[in-house]
$ cat target_18.tsv   # TSV, C-alpha atoms
chain	number	residue	atom	x	y	z
A	1	MET	CA	174.96	35.90	55.83
A	2	LEU	CA	178.45	35.76	57.21
A	3	ILE	CA	179.18	32.66	55.16
A	4	ALA	CA	178.03	34.40	52.00
A	5	LEU	CA	180.27	37.36	52.77
A	6	LEU	CA	183.21	35.10	53.40
A	7	ILE	CA	182.58	33.21	50.22
A	8	PHE	CA	183.18	36.04	47.83
A	9	SER	CA	184.94	38.79	49.68
A	10	THR	CA	187.75	37.09	51.52
A	11	ILE	CA	188.34	34.28	49.05
A	12	GLY	CA	187.41	36.39	46.03
A	13	GLN	CA	185.58	33.46	44.46
A	14	LEU	CA	182.03	32.56	43.65
A	15	PRO	CA	180.85	29.01	44.28
A	16	LEU	CA	179.68	27.27	41.12
A	17	LEU	CA	176.05	26.21	41.00
A	18	SER	CA	175.17	23.05	39.07
A	19	GLU	CA	171.76	21.85	37.86
A	20	SER	CA	171.31	19.58	40.87
A	21	GLN	CA	172.52	22.21	43.33
A	22	LEU	CA	170.02	24.69	41.90
A	23	ALA	CA	167.22	22.16	42.38
A	24	ARG	CA	168.44	21.53	45.94
A	25	LEU	CA	168.60	25.25	46.66
A	26	LEU	CA	164.93	25.59	45.71
A	27	GLU	CA	163.99	22.54	47.78
A	28	THR	CA	165.84	23.66	50.91
A	29	SER	CA	164.45	27.20	50.72
A	30	LYS	CA	160.89	26.08	51.45
A	31	GLY	CA	159.53	27.94	54.45
A	32	GLU	CA	161.03	31.18	53.21
A	33	VAL	CA	160.06	33.53	50.43
A	34	LEU	CA	162.84	32.99	47.90
A	35	VAL	CA	163.97	35.56	45.35
A	36	VAL	CA	166.40	34.30	42.71
A	37	ASN	CA	168.00	36.83	40.38
A	38	PHE	CA	169.94	35.80	37.27
A	39	TRP	CA	172.38	38.46	36.13
A	40	ALA	CA	175.72	39.07	34.42
A	41	THR	CA	178.36	41.80	34.66
A	42	TRP	CA	177.97	42.75	30.98
A	43	CYS	CA	174.18	43.07	31.29
A	44	GLY	CA	173.29	46.76	31.74
A	45	PRO	CA	169.73	46.32	33.03
A	46	CYS	CA	171.00	43.66	35.46
A	47	ARG	CA	173.48	46.08	36.98
A	48	GLU	CA	170.90	48.85	37.10
A	49	GLU	CA	168.36	46.84	39.07
A	50	PHE	CA	170.87	45.11	41.36
A	51	PRO	CA	170.84	47.74	44.15
A	52	ASP	CA	167.12	47.02	44.55
A	53	PHE	CA	167.86	43.42	45.50
A	54	VAL	CA	170.47	44.52	48.03
A	55	LYS	CA	167.94	46.93	49.54
A	56	LEU	CA	165.15	44.35	49.41
A	57	HIS	CA	167.29	41.86	51.29
A	58	ARG	CA	168.29	44.43	53.93
A	59	GLU	CA	164.71	45.41	54.56
A	60	LYS	CA	162.98	42.03	54.40
A	61	ALA	CA	165.47	39.32	55.43
A	62	ASP	CA	164.22	39.43	59.02
A	63	LEU	CA	160.70	38.71	57.83
A	64	GLY	CA	161.73	35.49	56.09
A	65	LEU	CA	163.02	36.64	52.72
A	66	LYS	CA	165.87	34.69	51.18
A	67	MET	CA	167.75	36.38	48.36
A	68	VAL	CA	170.07	34.56	45.98
A	69	ALA	CA	171.95	35.96	42.98
A	70	ILE	CA	173.23	33.70	40.21
A	71	SER	CA	175.78	35.17	37.85
A	72	MET	CA	175.63	33.86	34.29
A	73	ASP	CA	179.06	35.25	33.51
A	74	GLU	CA	181.62	33.03	31.85
A	75	PRO	CA	183.99	31.39	34.36
A	76	GLU	CA	186.84	33.67	33.27
A	77	ASP	CA	184.79	36.74	34.18
A	78	GLU	CA	184.40	35.61	37.78
A	79	LYS	CA	186.68	38.36	39.11
A	80	ALA	CA	184.55	41.07	37.53
A	81	ALA	CA	181.44	39.46	39.05
A	82	VAL	CA	183.01	39.32	42.52
A	83	ALA	CA	184.14	42.95	42.24
A	84	PHE	CA	180.61	44.03	41.32
A	85	LEU	CA	179.06	42.11	44.21
A	86	GLU	CA	181.54	43.63	46.65
A	87	GLU	CA	180.88	47.11	45.34
A	88	GLN	CA	177.15	46.52	45.82
A	89	GLY	CA	177.67	45.43	49.43
A	90	VAL	CA	175.90	42.13	48.87
A	91	GLU	CA	175.06	40.25	52.05
A	92	PHE	CA	173.31	37.24	50.56
A	93	PRO	CA	174.48	34.05	48.82
A	94	ALA	CA	175.83	34.56	45.33
A	95	TYR	CA	176.85	31.90	42.81
A	96	LEU	CA	178.36	31.54	39.38
A	97	ARG	CA	176.73	29.35	36.72
A	98	GLY	CA	178.25	25.91	36.95
A	99	PHE	CA	175.92	23.77	34.87
A	100	GLU	CA	176.84	21.02	32.47
A	101	ASP	CA	173.64	21.29	30.50
A	102	PHE	CA	171.93	24.65	30.23
A	103	GLU	CA	168.56	23.13	29.38
A	104	LYS	CA	168.54	21.02	32.54
A	105	PHE	CA	169.65	24.05	34.54
A	106	VAL	CA	166.78	26.17	33.20
A	107	ASN	CA	164.29	23.34	33.66
A	108	ALA	CA	165.35	23.01	37.29
A	109	ILE	CA	163.94	26.45	38.01
A	110	ASP	CA	161.30	26.95	35.31
A	111	PRO	CA	160.87	25.00	32.04
A	112	GLU	CA	159.19	28.02	30.46
A	113	TRP	CA	162.04	30.41	31.10
A	114	SER	CA	163.85	31.28	27.88
A	115	GLY	CA	167.13	32.16	29.53
A	116	ALA	CA	166.82	35.92	29.09
A	117	LEU	CA	168.84	38.24	31.32
A	118	PRO	CA	167.97	39.70	33.65
A	119	THR	CA	165.30	37.35	35.02
A	120	THR	CA	164.04	37.20	38.59
A	121	PHE	CA	161.95	34.44	40.12
A	122	ILE	CA	159.93	34.74	43.31
A	123	PHE	CA	158.82	31.61	45.19
A	124	ASP	CA	156.33	31.55	48.05
A	125	ARG	CA	156.95	29.75	51.34
A	126	SER	CA	155.52	26.49	49.98
A	127	GLY	CA	158.15	26.58	47.22
A	128	LYS	CA	155.61	27.41	44.52
A	129	ARG	CA	156.75	29.87	41.86
A	130	ALA	CA	154.69	33.04	42.29
A	131	PHE	CA	156.33	35.43	39.83
A	132	ARG	CA	158.78	35.47	36.99
A	133	HIS	CA	160.16	38.78	35.77
A	134	VAL	CA	161.88	38.70	32.42
A	135	GLY	CA	163.70	42.01	32.10
A	136	LYS	CA	164.35	44.75	34.60
A	137	THR	CA	162.18	44.98	37.70
A	138	THR	CA	161.55	47.91	40.02
A	139	PHE	CA	161.76	48.03	43.80
A	140	LYS	CA	158.07	48.98	43.93
A	141	GLU	CA	157.07	45.91	41.90
A	142	LEU	CA	159.18	43.62	44.06
A	143	ILE	CA	157.74	44.98	47.31
A	144	GLU	CA	154.18	44.73	46.01
A	145	GLU	CA	154.65	41.11	45.08
A	146	ILE	CA	156.74	40.00	48.01
A	147	SER	CA	154.95	41.69	50.91
A	148	PRO	CA	151.79	39.55	50.70
A	149	LEU	CA	153.93	36.41	50.39
A	150	LEU	CA	155.87	37.31	53.54
A	151	GLU	CA	152.63	37.70	55.48
A	152	ASN	CA	151.62	34.09	54.81
B	153	MET	CA	132.92	46.96	48.36
B	154	LYS	CA	132.15	43.69	46.60
B	155	ARG	CA	133.05	45.26	43.27
B	156	VAL	CA	136.37	46.46	44.68
B	157	VAL	CA	137.18	42.97	45.95
B	158	ILE	CA	136.34	41.44	42.56
B	159	THR	CA	138.45	44.06	40.79
B	160	VAL	CA	141.37	43.30	43.08
B	161	ILE	CA	141.04	39.58	42.37
B	162	VAL	CA	140.79	40.12	38.61
B	163	VAL	CA	143.79	42.44	38.61
B	164	SER	CA	145.80	39.97	40.71
B	165	VAL	CA	145.00	37.10	38.35
B	166	LEU	CA	145.98	39.25	35.36
B	167	LEU	CA	149.24	40.22	37.01
B	168	VAL	CA	150.12	36.61	37.77
B	169	GLN	CA	149.35	35.64	34.18
B	170	LEU	CA	151.50	38.46	32.87
B	171	GLY	CA	154.28	37.34	35.14
B	172	LEU	CA	154.17	33.73	34.04
B	173	GLY	CA	152.92	33.74	30.45
B	174	GLN	CA	156.07	34.59	28.52
B	175	GLU	CA	156.25	31.90	25.83
B	176	ALA	CA	156.36	32.83	22.14
B	177	LYS	CA	153.07	33.88	20.58
B	178	LEU	CA	153.69	32.29	17.19
B	179	LYS	CA	153.56	28.51	17.66
B	180	ILE	CA	155.34	25.80	15.69
B	181	GLY	CA	153.34	25.04	12.53
B	182	GLU	CA	151.51	28.37	12.52
B	183	PRO	CA	151.97	30.78	9.59
B	184	LEU	CA	153.39	34.26	10.08
B	185	GLU	CA	151.06	36.83	8.57
B	186	GLY	CA	153.90	38.96	7.28
B	187	PHE	CA	155.88	42.07	8.12
B	188	SER	CA	157.25	45.23	6.54
B	189	LEU	CA	160.34	46.74	8.15
B	190	PRO	CA	163.04	49.14	6.95
B	191	ASP	CA	166.47	47.83	5.89
B	192	VAL	CA	168.99	49.80	8.02
B	193	ARG	CA	171.52	50.01	5.19
B	194	SER	CA	169.46	50.63	2.02
B	195	GLY	CA	166.42	52.21	3.66
B	196	ARG	CA	164.08	50.13	1.50
B	197	THR	CA	161.13	48.34	3.03
B	198	VAL	CA	161.59	44.61	3.48
B	199	SER	CA	158.48	42.42	3.49
B	200	LEU	CA	157.98	38.70	4.03
B	201	SER	CA	156.21	38.58	0.65
B	202	ASP	CA	159.53	39.55	-1.01
B	203	TYR	CA	160.72	36.04	-0.18
B	204	ALA	CA	157.75	34.04	-1.42
B	205	ASP	CA	160.10	31.91	-3.57
B	206	SER	CA	162.48	31.05	-0.72
B	207	LYS	CA	162.57	27.57	0.76
B	208	ALA	CA	163.28	29.01	4.19
B	209	VAL	CA	163.31	32.39	5.92
B	210	VAL	CA	165.52	32.70	8.99
B	211	LEU	CA	164.49	35.57	11.24
B	212	ILE	CA	167.09	36.35	13.89
B	213	PHE	CA	166.55	38.92	16.63
B	214	ILE	CA	169.92	40.53	17.18
B	215	ALA	CA	171.48	43.31	19.25
B	216	THR	CA	174.47	45.56	18.86
B	217	GLY	CA	175.37	45.62	22.56
B	218	CYS	CA	174.59	42.11	23.81
B	219	PRO	CA	177.61	39.79	24.22
B	220	TYR	CA	175.48	36.68	23.66
B	221	SER	CA	174.25	38.07	20.34
B	222	ASN	CA	177.66	39.41	19.34
B	223	ALA	CA	179.29	36.03	20.00
B	224	PHE	CA	177.23	34.72	17.07
B	225	ASN	CA	177.96	37.49	14.54
B	226	GLY	CA	180.43	35.28	12.67
B	227	VAL	CA	178.13	32.26	12.81
B	228	MET	CA	175.25	34.29	11.34
B	229	ALA	CA	177.41	35.72	8.54
B	230	ASP	CA	178.79	32.26	7.66
B	231	LEU	CA	175.47	30.44	7.74
B	232	SER	CA	173.68	33.04	5.62
B	233	GLU	CA	176.40	32.75	2.99
B	234	ARG	CA	176.28	28.96	3.11
B	235	TYR	CA	172.51	28.60	2.91
B	236	GLU	CA	171.53	31.42	0.57
B	237	PRO	CA	172.51	29.40	-2.54
B	238	ARG	CA	170.30	26.62	-1.19
B	239	GLY	CA	167.21	28.80	-1.05
B	240	ALA	CA	167.31	30.13	2.52
B	241	VAL	CA	167.26	33.83	3.31
B	242	PHE	CA	168.50	35.36	6.57
B	243	ILE	CA	167.03	38.53	8.07
B	244	GLY	CA	168.46	40.17	11.18
B	245	ILE	CA	165.96	42.14	13.25
B	246	ASN	CA	166.86	44.72	15.85
B	247	SER	CA	163.95	45.50	18.21
B	248	ASN	CA	165.89	47.19	21.01
B	249	LYS	CA	164.62	50.68	21.63
B	250	THR	CA	168.04	51.47	23.12
B	251	GLU	CA	169.77	50.79	19.78
B	252	PRO	CA	168.85	53.31	17.04
B	253	ALA	CA	168.85	52.42	13.31
B	254	LYS	CA	172.11	54.31	12.74
B	255	GLU	CA	173.93	52.19	15.30
B	256	VAL	CA	172.37	49.00	13.90
B	257	LYS	CA	173.59	50.01	10.43
B	258	ARG	CA	177.13	50.62	11.69
B	259	HIS	CA	177.11	47.28	13.54
B	260	ALA	CA	175.93	45.40	10.40
B	261	GLU	CA	178.65	47.05	8.31
B	262	GLU	CA	181.40	46.44	10.86
B	263	ASN	CA	180.51	42.77	11.14
B	264	GLY	CA	180.24	42.25	7.39
B	265	PHE	CA	176.69	40.93	7.50
B	266	GLY	CA	175.80	39.84	3.97
B	267	PHE	CA	172.17	39.45	5.00
B	268	VAL	CA	169.48	42.11	5.40
B	269	VAL	CA	169.17	43.79	8.80
B	270	VAL	CA	165.96	45.61	9.63
B	271	LYS	CA	164.93	47.92	12.45
B	272	ASP	CA	161.78	47.04	14.36
B	273	GLY	CA	160.97	50.46	15.76
B	274	GLY	CA	158.62	50.31	18.73
B	275	SER	CA	159.37	46.55	19.00
B	276	ALA	CA	155.98	45.81	17.40
B	277	PHE	CA	157.28	42.83	15.45
B	278	ALA	CA	159.03	41.37	18.50
B	279	ASN	CA	155.76	41.73	20.37
B	280	GLU	CA	153.82	40.04	17.60
B	281	LEU	CA	156.14	37.03	17.59
B	282	GLY	CA	156.67	37.05	21.33
B	283	ALA	CA	160.44	37.30	20.88
B	284	GLN	CA	162.26	37.76	24.16
B	285	VAL	CA	166.01	37.66	23.79
B	286	THR	CA	168.93	38.26	21.48
B	287	PRO	CA	169.92	36.14	19.73
B	288	GLU	CA	166.62	34.35	19.05
B	289	VAL	CA	165.70	32.49	15.87
B	290	PHE	CA	162.32	32.00	14.16
B	291	LEU	CA	162.68	29.76	11.10
B	292	LEU	CA	159.88	29.79	8.53
B	293	ASP	CA	159.36	27.27	5.75
B	294	LYS	CA	158.39	28.02	2.12
B	295	ASP	CA	154.77	28.56	3.20
B	296	GLY	CA	155.75	31.01	5.92
B	297	LYS	CA	154.96	28.51	8.68
B	298	LEU	CA	157.10	28.43	11.82
B	299	ARG	CA	159.29	25.30	11.84
B	300	TYR	CA	161.93	26.14	14.42
B	301	HIS	CA	162.17	28.54	17.34
B	302	GLY	CA	165.08	28.96	19.71
B	303	ALA	CA	168.83	29.28	19.80
B	304	LEU	CA	171.21	29.62	16.88
B	305	GLY	CA	173.45	27.14	18.61
B	306	ASN	CA	175.00	26.32	21.98
B	307	SER	CA	171.57	25.78	23.52
B	308	ARG	CA	173.07	23.39	26.06
B	309	GLN	CA	176.14	25.48	26.78
B	310	PRO	CA	175.54	29.18	26.14
B	311	THR	CA	178.52	31.37	25.52
B	312	THR	CA	179.63	34.96	25.08
B	313	LYS	CA	182.84	33.83	23.36
B	314	PRO	CA	182.83	33.96	19.53
B	315	GLU	CA	185.33	31.09	19.33
B	316	ALA	CA	182.95	28.83	21.25
B	317	ALA	CA	179.78	29.81	19.36
B	318	ASN	CA	178.26	27.44	16.81
B	319	GLY	CA	175.09	27.27	14.75
B	320	ASP	CA	174.36	23.58	15.31
B	321	GLU	CA	170.71	23.89	16.35
B	322	LEU	CA	169.81	26.19	13.48
B	323	VAL	CA	171.72	23.99	11.00
B	324	GLN	CA	169.80	20.84	12.00
B	325	ALA	CA	166.54	22.74	11.53
B	326	LEU	CA	167.59	24.42	8.28
B	327	GLU	CA	168.74	21.17	6.71
B	328	SER	CA	165.28	19.73	7.30
B	329	VAL	CA	163.34	22.78	6.13
B	330	VAL	CA	165.40	23.24	2.97
B	331	ALA	CA	164.80	19.56	2.17
B	332	GLY	CA	161.08	19.90	2.95
B	333	ARG	CA	161.27	17.54	5.94
B	334	ASP	CA	159.94	17.91	9.48
B	335	VAL	CA	162.34	19.44	11.98
B	336	ALA	CA	163.35	16.89	14.62
B	337	MET	CA	164.11	19.46	17.31
B	338	ALA	CA	161.64	22.30	16.68
B	339	GLN	CA	162.34	24.24	19.87
B	340	THR	CA	165.46	24.79	21.91
B	341	LYS	CA	166.35	26.90	24.92
B	342	MET	CA	167.66	30.31	24.04
B	343	PHE	CA	170.00	32.34	26.05
B	344	GLY	CA	170.68	36.03	25.79
B	345	CYS	CA	169.82	39.57	26.70
B	346	THR	CA	166.22	40.65	27.05
B	347	ILE	CA	164.88	42.70	24.16
B	348	LYS	CA	164.62	46.28	25.44
B	349	ARG	CA	161.12	47.40	24.53
$ encode --input "target_18.tsv" --output "structure tokens"
Amino acid sequence: MLIALLIFSTIGQLPLLSESQLARLLETSKGEVLVVNFWATWCGPCREEFPDFVKLHREKADLGLKMVAISMDEPEDEKAAVAFLEEQGVEFPAYLRGFEDFEKFVNAIDPEWSGALPTTFIFDRSGKRAFRHVGKTTFKELIEEISPLLEN
Amino acid sequence: MKRVVITVIVVSVLLVQLGLGQEAKLKIGEPLEGFSLPDVRSGRTVSLSDYADSKAVVLIFIATGCPYSNAFNGVMADLSERYEPRGAVFIGINSNKTEPAKEVKRHAEENGFGFVVVKDGGSAFANELGAQVTPEVFLLDKDGKLRYHGALGNSRQPTTKPEAANGDELVQALESVVAGRDVAMAQTKMFGCTIKR
């Protein structure tokens, strides 16, 4: 948590996430319930739902929830992305898209994902994808889906 | 009690399927039944049957407020101009409930779209096709069969910058369809904003 905070508040930068790093992130998150949110600063619904992820993380991190946000902003919009994350009080790892090939990047998380924003993926503790939300989610939906996964 | 348990299981299965089953409903090779939607500029009704003589119909789901869609405004205008003499017709479709017909009209005028732009009120047409994002292309051949579905271009390196946007993926598909050949790459990854239903 501290590392994530340091990453984008003191340095003011977001680490880039490549195709292989995304795959590794999924692999190393086994054992936890992983929530991955893809967003962008210009995406209205993304910004609207973002506080729910901050709240979700605050309430459920102790129970084994791992939250990760991946900004799909262009590299030159990184500052705006960092400013938004700071304003939201984000205390979980956040990255900026850093792929060479978008198709490989998408396939690393879900070959059936179109690339729509916002999209949120939920993985159970075994690393199996349990839910994919294309479009805006609600806190209620997230809790209903995640709570049973945290109990396992 | 047993019935409750079964109901819970059925509902859970349905929810999981809803969560995971997002792919397009119209598959490659399948014919589109048709549609009738209002042109935002002229007000007249546009139907697929109006284009029975076309070699190709390019349906593009667009938005007025999505940077990924707006990055391709110039590409869409250029390609429609380039391919219309070769028998391809472009139709822009706006299915976002957040973007009223008036705004869609203004956007089409401001961007100098030479192609028809229609409003899909209630997003019924987007639902029928299973369209998810803007921009998203469905390319039909002369028989109304789906030959290409996906990005306009930049499917490997999506962009919100107009200067970086290209129509390469659509061009490769259009060249084949106009010539009556099979499309080598019939589906590509799209990137964009979700259609607001």
$ residues_around --input "target_18.tsv" --residues "B:Gly274" --least-positions-apart "2" --cutoff "10 Å" --atoms "only C-alpha atoms" --output "list in words"
Ser247, Asn248, Lys249, Lys271, Asp272, Ala276, Phe277, Ala278, Asn279, Lys348 and Arg349 of chain B
$ interface_residues --input "target_18.tsv" --of "chain B" --to "chain A" --cutoff "6 Å" --atoms "all atoms listed in the file" --output "list in words"
Gly171, Leu172, Val285, Arg308, Gln309, Lys341, Met342, Phe343, Gly344, Cys345 and Thr346 of chain B
$ residues_near_point --input "target_18.tsv" --point "(165.6, 51.5, 3.2)" --cutoff "12 Å" --atoms "all atoms listed in the file" --output "number ranges by chain"
B: 188-199, 253-254, 257, 268-271
$ write_last_selection --input "target_18.tsv" --atoms "C-alpha atoms" --output "PDB file, in the coordinates of the input"
ATOM      1  CA  SER B 188     157.250  45.230   6.540  1.00  0.00           C
ATOM      2  CA  LEU B 189     160.340  46.740   8.150  1.00  0.00           C
ATOM      3  CA  PRO B 190     163.040  49.140   6.950  1.00  0.00           C
ATOM      4  CA  ASP B 191     166.470  47.830   5.890  1.00  0.00           C
ATOM      5  CA  VAL B 192     168.990  49.800   8.020  1.00  0.00           C
ATOM      6  CA  ARG B 193     171.520  50.010   5.190  1.00  0.00           C
ATOM      7  CA  SER B 194     169.460  50.630   2.020  1.00  0.00           C
ATOM      8  CA  GLY B 195     166.420  52.210   3.660  1.00  0.00           C
ATOM      9  CA  ARG B 196     164.080  50.130   1.500  1.00  0.00           C
ATOM     10  CA  THR B 197     161.130  48.340   3.030  1.00  0.00           C
ATOM     11  CA  VAL B 198     161.590  44.610   3.480  1.00  0.00           C
ATOM     12  CA  SER B 199     158.480  42.420   3.490  1.00  0.00           C
ATOM     13  CA  ALA B 253     168.850  52.420  13.310  1.00  0.00           C
ATOM     14  CA  LYS B 254     172.110  54.310  12.740  1.00  0.00           C
ATOM     15  CA  LYS B 257     173.590  50.010  10.430  1.00  0.00           C
ATOM     16  CA  VAL B 268     169.480  42.110   5.400  1.00  0.00           C
ATOM     17  CA  VAL B 269     169.170  43.790   8.800  1.00  0.00           C
ATOM     18  CA  VAL B 270     165.960  45.610   9.630  1.00  0.00           C
ATOM     19  CA  LYS B 271     164.930  47.920  12.450  1.00  0.00           C
TER      20      LYS B 271
END
$ residues_around --input "target_18.tsv" --residues "A:Ser126" --least-positions-apart "5" --cutoff "12 Å" --atoms "all atoms listed in the file" --output "list in words"
Leu26, Glu27, Thr28, Ser29, Lys30, Gly31, Glu32, Val33, Leu34, Leu149, Leu150 and Asn152 of chain A
$ closest_residue --input "target_18.tsv" --among "B:Thr286, B:Ser275, B:Thr216, B:Thr340" --to "B:Arg258" --atoms "only C-alpha atoms"
B:Thr216
$ closest_residue --input "target_18.tsv" --among "A:Ser147, A:Thr137, A:Ser71, A:Gln21" --to "A:Tyr95" --atoms "all atoms listed in the file"
A:Ser71
$ atom_distance --input "target_18.tsv" --atom1 "atom CA of B:Leu292" --atom2 "atom CA of B:Glu251"
25.8 Å
$ residues_around --input "target_18.tsv" --residues "A:Val36" --least-positions-apart "4" --cutoff "10 Å" --atoms "all atoms listed in the file" --output "list in words"
Leu26, Phe53, Lys66, Met67, Val68, Ala69, Ile70, Ala94, Ile109, Thr119, Thr120, Phe121, Ile122, Phe123 and Arg132 of chain A
$ atom_distance --input "target_18.tsv" --atom1 "atom CA of A:Leu16" --atom2 "atom CA of B:Gln339"
27.6 Å
